[in-house]
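Asks: I am attaching a structure below and will ask some questions about it afterwards.
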Amino acid sequence: MVTRVVVGAHYGLKDWLAQRVTAIVMVVYTIIFLAALVTRAPMGFPEWKALFTHGVMRVLTLLFFLSLFYHAWIGVRDILMDYIQPTGVRLFLEVLVILALVAYTIWTISILWSA
Amino acid sequence: MAPAIPVKKRPKHLDLTKIHLPLPGLVSILHRVSGAALFLIGIPFLLWVLHCSLANQQGFDGWRDTFNHPLVKLIVIGFLWAYLHHFFAGLRFLALDLHIGISLPAARASSRWVLIVSLALTLMFGVWLW
């Protein structure tokens with residue numbers, strides 16, 4: 001028998017944690033990126049391109065964007081839950097946000113791997 | 001018949017012009033507003049710039065010229081503030097999660113620092129960008 005307790009269950013705990021883990025990933029990347037930018041300035045196109053095609057940096061950049069998109073999903077979903085009361089409208093907007101973020105993910109990979 | 005439950009006249013302060021937020025509340029709502037702006041405009045803009053600037057020399061030069069326009073610089077500085085505020089307000093929330101600085105005076109002081117540091121860094125980067 002499955003017993004589900006609506007109140008006090010761990011609903012949302014995973015998202016709460018994910019929002020914080022992704023935040024920390026972005027903080028670390030921001031510092032690394034700023035350091036790379038400052039030590040290589042002034043930058044022309046070749047240096048700019050080299051920065052993002054560098055093996056480690058390319059993976060870190062993708063990790064940053066994946067964290068950003070997951071973080072954005074949780075945050076935007078929270079905003080929609082707070083302000084958009086009609087279920088149908090909220091669901092529609094949530095689907096739009098998910099589709100946008102999935103498209104952004106594909107775009108990011110294409111940018112980073114075609115550079 | 002059961003007596004009707006008396007309807008209390010409770011004050012409702014939903015008039016946004018009459019709500020006076022304490023500093024931690026201001027930091028909190030600005031965290032939300034900046035997050036929404038970064039999602040709606042910041043992310044697609046960032047990807048677009050990255051897309052063009054990494055594609056070829058012309059794309060890179062194109063954005064470099066665009067960023068030299070004063071109006072574009074102002075908008076970029078605006079989003080820089082949104083990122084910095086979201087960044088430092090987020091760090092403050094992480095600290096609060098770890099029960100660091102949760103007393104009222106400490107929470108007020110840290111929210112003031114979030115506003116000051118993000119504005120000061122925006123100004124610093126803004127002057128540097130200009």
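Following the order of the structure tokens, chains are lettered A, B, ..., residues in each are numbered from 1, and ligands are numbered from 1.
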For range 50-57 of chain A, work out the shell of residues within 10 Å, counting only C-alpha atoms and skipping chain neighbours fewer than 5 positions away, then give it as a list in words.

Replies: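 Residues meeting the cut-off are Tyr29, Ile32, Phe33, Ala36, Leu37, Arg40, Met43, Phe45, Leu62, Leu63, Ile111, Leu112, Trp113, Ser114 and Ala115 of chain A; Leu50 and Leu54 of chain B.
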
Asks: Please, which residues in chain B fall within 10 Å of chain A when counting only C-alpha atoms, and what is the closest atom pair and distance in Å to one decimal for each, ordered by chain then residue number, as CSV?

Replies:
```
residue,atom,partner,partner_atom,distance
B:Arg32,CA,A:Ile79,CA,7.9
B:Val33,CA,A:Ile79,CA,9.7
B:Gly35,CA,A:Gly75,CA,7.5
B:Ala36,CA,A:Val76,CA,6.9
B:Leu38,CA,A:Ala72,CA,8.8
B:Phe39,CA,A:Ala72,CA,6.5
B:Leu40,CA,A:Val97,CA,9.6
B:Ile43,CA,A:Tyr104,CA,8.4
B:Pro44,CA,A:Tyr104,CA,7.7
B:Leu47,CA,A:Thr108,CA,7.0
B:Trp48,CA,A:Trp107,CA,9.4
B:Leu50,CA,A:Ile111,CA,7.4
B:His51,CA,A:Ile111,CA,5.5
B:Cys52,CA,A:Ile111,CA,8.9
B:Ser53,CA,A:Phe45,CA,7.6
B:Leu54,CA,A:Lys49,CA,5.7
B:Ala55,CA,A:Ala115,CA,6.0
B:Asn56,CA,A:Phe45,CA,7.7
B:Gln57,CA,A:Phe45,CA,5.9
B:Gln58,CA,A:Phe45,CA,9.1
B:Gly59,CA,A:Phe45,CA,9.2
B:Phe60,CA,A:Phe45,CA,6.1
B:Asp61,CA,A:Phe45,CA,7.9
B:Arg64,CA,A:Gly44,CA,9.8
B:Phe87,CA,A:Val27,CA,7.5
B:Phe88,CA,A:Val27,CA,9.7
B:Gly90,CA,A:Ala23,CA,7.7
B:Leu91,CA,A:Ala23,CA,8.5
B:Phe93,CA,A:Arg20,CA,9.4
B:Leu94,CA,A:Arg20,CA,7.3
B:Asp97,CA,A:Arg20,CA,9.7
```

Asks: Could you please take those selected residues and save N, CA and C atoms as a compact mmCIF listing (two decimals), in the first residue's frame?

Replies:
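Here's the written file part25.txt:
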```txt
# COMPACT_ATOMS: atom_id res chain seq x y z
N ARG B 32 13.70 38.60 -7.33
CA ARG B 32 12.70 38.01 -8.22
C ARG B 32 12.60 38.78 -9.53
N VAL B 33 12.55 40.11 -9.43
CA VAL B 33 12.42 40.94 -10.64
C VAL B 33 13.66 40.77 -11.53
N GLY B 35 15.69 38.27 -11.60
CA GLY B 35 15.68 36.90 -12.15
C GLY B 35 14.77 36.80 -13.36
N ALA B 36 13.58 37.41 -13.25
CA ALA B 36 12.63 37.38 -14.38
C ALA B 36 13.22 38.10 -15.59
N LEU B 38 16.41 38.58 -16.28
CA LEU B 38 17.53 37.80 -16.81
C LEU B 38 17.02 36.63 -17.65
N PHE B 39 15.90 36.04 -17.21
CA PHE B 39 15.35 34.92 -17.98
C PHE B 39 14.74 35.41 -19.29
N LEU B 40 13.88 36.44 -19.20
CA LEU B 40 13.12 36.87 -20.38
C LEU B 40 13.99 37.50 -21.45
N ILE B 43 18.98 35.90 -21.02
CA ILE B 43 19.45 34.63 -21.60
C ILE B 43 19.44 34.66 -23.13
N PRO B 44 18.29 35.00 -23.78
CA PRO B 44 18.33 35.01 -25.25
C PRO B 44 19.34 36.01 -25.80
N LEU B 47 22.90 34.54 -25.42
CA LEU B 47 23.15 33.47 -26.40
C LEU B 47 23.34 34.05 -27.79
N TRP B 48 22.56 35.07 -28.10
CA TRP B 48 22.66 35.70 -29.41
C TRP B 48 24.04 36.33 -29.60
N LEU B 50 26.78 35.57 -27.97
CA LEU B 50 27.77 34.50 -28.00
C LEU B 50 27.78 33.84 -29.38
N HIS B 51 26.58 33.62 -29.92
CA HIS B 51 26.43 32.99 -31.23
C HIS B 51 27.17 33.80 -32.30
N CYS B 52 26.90 35.10 -32.37
CA CYS B 52 27.50 35.95 -33.40
C CYS B 52 28.99 36.15 -33.17
N SER B 53 29.37 36.42 -31.90
CA SER B 53 30.76 36.79 -31.63
C SER B 53 31.71 35.61 -31.78
N LEU B 54 31.19 34.39 -31.65
CA LEU B 54 32.05 33.21 -31.80
C LEU B 54 32.03 32.66 -33.22
N ALA B 55 31.06 33.13 -34.02
CA ALA B 55 30.90 32.57 -35.37
C ALA B 55 32.06 32.98 -36.28
N ASN B 56 32.31 34.29 -36.40
CA ASN B 56 33.39 34.76 -37.27
C ASN B 56 33.82 36.18 -36.87
N GLN B 57 34.86 36.64 -37.53
CA GLN B 57 35.42 37.96 -37.24
C GLN B 57 34.38 39.08 -37.40
N GLN B 58 33.57 38.99 -38.47
CA GLN B 58 32.56 40.03 -38.74
C GLN B 58 31.55 40.11 -37.59
N GLY B 59 31.12 38.93 -37.13
CA GLY B 59 30.16 38.89 -36.02
C GLY B 59 30.75 39.51 -34.76
N PHE B 60 32.00 39.20 -34.50
CA PHE B 60 32.71 39.74 -33.34
C PHE B 60 32.82 41.26 -33.43
N ASP B 61 33.27 41.75 -34.61
CA ASP B 61 33.42 43.19 -34.81
C ASP B 61 32.07 43.89 -34.73
N ARG B 64 31.14 44.30 -31.20
CA ARG B 64 32.04 45.26 -30.54
C ARG B 64 31.58 46.68 -30.87
N PHE B 87 23.08 37.76 -8.04
CA PHE B 87 24.26 37.05 -7.55
C PHE B 87 24.42 37.22 -6.04
N PHE B 88 24.47 38.48 -5.60
CA PHE B 88 24.75 38.73 -4.18
C PHE B 88 23.55 38.44 -3.30
N GLY B 90 21.44 36.16 -3.95
CA GLY B 90 21.44 34.70 -3.92
C GLY B 90 22.42 34.17 -2.89
N LEU B 91 23.62 34.76 -2.86
CA LEU B 91 24.62 34.34 -1.86
C LEU B 91 24.09 34.58 -0.45
N PHE B 93 20.92 34.53 0.43
CA PHE B 93 19.92 33.50 0.71
C PHE B 93 20.59 32.17 1.06
N LEU B 94 21.71 31.88 0.38
CA LEU B 94 22.44 30.65 0.70
C LEU B 94 22.95 30.69 2.15
N ASP B 97 20.11 30.10 4.45
CA ASP B 97 19.78 28.67 4.47
C ASP B 97 20.65 27.92 5.46
```

Asks: Hey, which of A:Ile109, A:Gly12, A:Ala41, A:Leu99 ends up closest to Leu60 in chain A? Count only C-alpha atoms.

Replies: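 Looking at the shortest contact to Leu60 in chain A, the residue is A:Ile109.
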
Asks: Give me the residues within 9 Å of Gly126 in chain B as a short mmCIF file (atom, residue, chain, number, x, y, z; two decimals) with C-alpha atoms, in the first residue's frame, counting only C-alpha atoms and dropping any in the same chain fewer than 4 places off.

Replies:
```
data_model
loop_
_atom_site.label_atom_id
_atom_site.label_comp_id
_atom_site.auth_asym_id
_atom_site.auth_seq_id
_atom_site.Cartn_x
_atom_site.Cartn_y
_atom_site.Cartn_z
CA LYS B 73 26.04 50.39 -22.96
CA LEU B 74 23.32 51.68 -20.62
CA VAL B 76 24.11 46.28 -20.74
CA ILE B 77 24.93 48.08 -17.47
CA LEU B 80 24.90 43.85 -15.27
CA LEU B 121 30.22 46.92 -8.52
CA THR B 122 27.72 47.96 -11.21
CA TRP B 130 32.10 53.37 -20.61
#
```

Asks: Could you work out how far CA of Ile41 in chain B lies from CA of Ile84 in chain A, giving the answer in Å with one decimal?

Replies: 20.2 Å

Asks: From the list B:Ser118, B:Ile102, B:Arg108, B:Leu96, which residue is nearest Ala82 in chain B when using only C-alpha atoms?

Replies: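 Closest to Ala82 in chain B, using only C-alpha atoms: B:Ser118.
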
Asks: DSSP on the backbone: what in chain B comes out helix (DSSP H, G or I), as number ranges by chain?

Replies: B: 23-55, 57-67, 70-97, 104-129

Asks: Pick the closest to Leu84 in chain B from B:Leu115, B:Ala37, B:Leu46, B:Val127: which is it, counting only C-alpha atoms?

Replies: B:Leu115

Asks: Could you tell me how far CA of Gly25 in chain B lies from CA of Ser111 in chain B, in Å and to one decimal?

Replies: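 We find that CA of Gly25 in chain B and CA of Ser111 in chain B lie 8.7 Å from each other.
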
Asks: Let me make sure I understand: among B:Gly62, B:Pro24, B:Pro70, B:Gly78, which one has the smallest atom-to-atom distance to Ala106 in chain B if we use only C-alpha atoms?

Replies: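 Nearest candidate to Ala106 in chain B out of B:Gly62, B:Pro24, B:Pro70, B:Gly78: B:Pro24.
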
Asks: From the set B:Trp128, B:Ala95, B:Ala107, B:His86, which residue has the shortest atom-to-atom contact distance to Leu30 in chain B, counting only C-alpha atoms?

Replies: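 Of B:Trp128, B:Ala95, B:Ala107, B:His86, the one nearest Leu30 in chain B, counting only C-alpha atoms, is B:His86.
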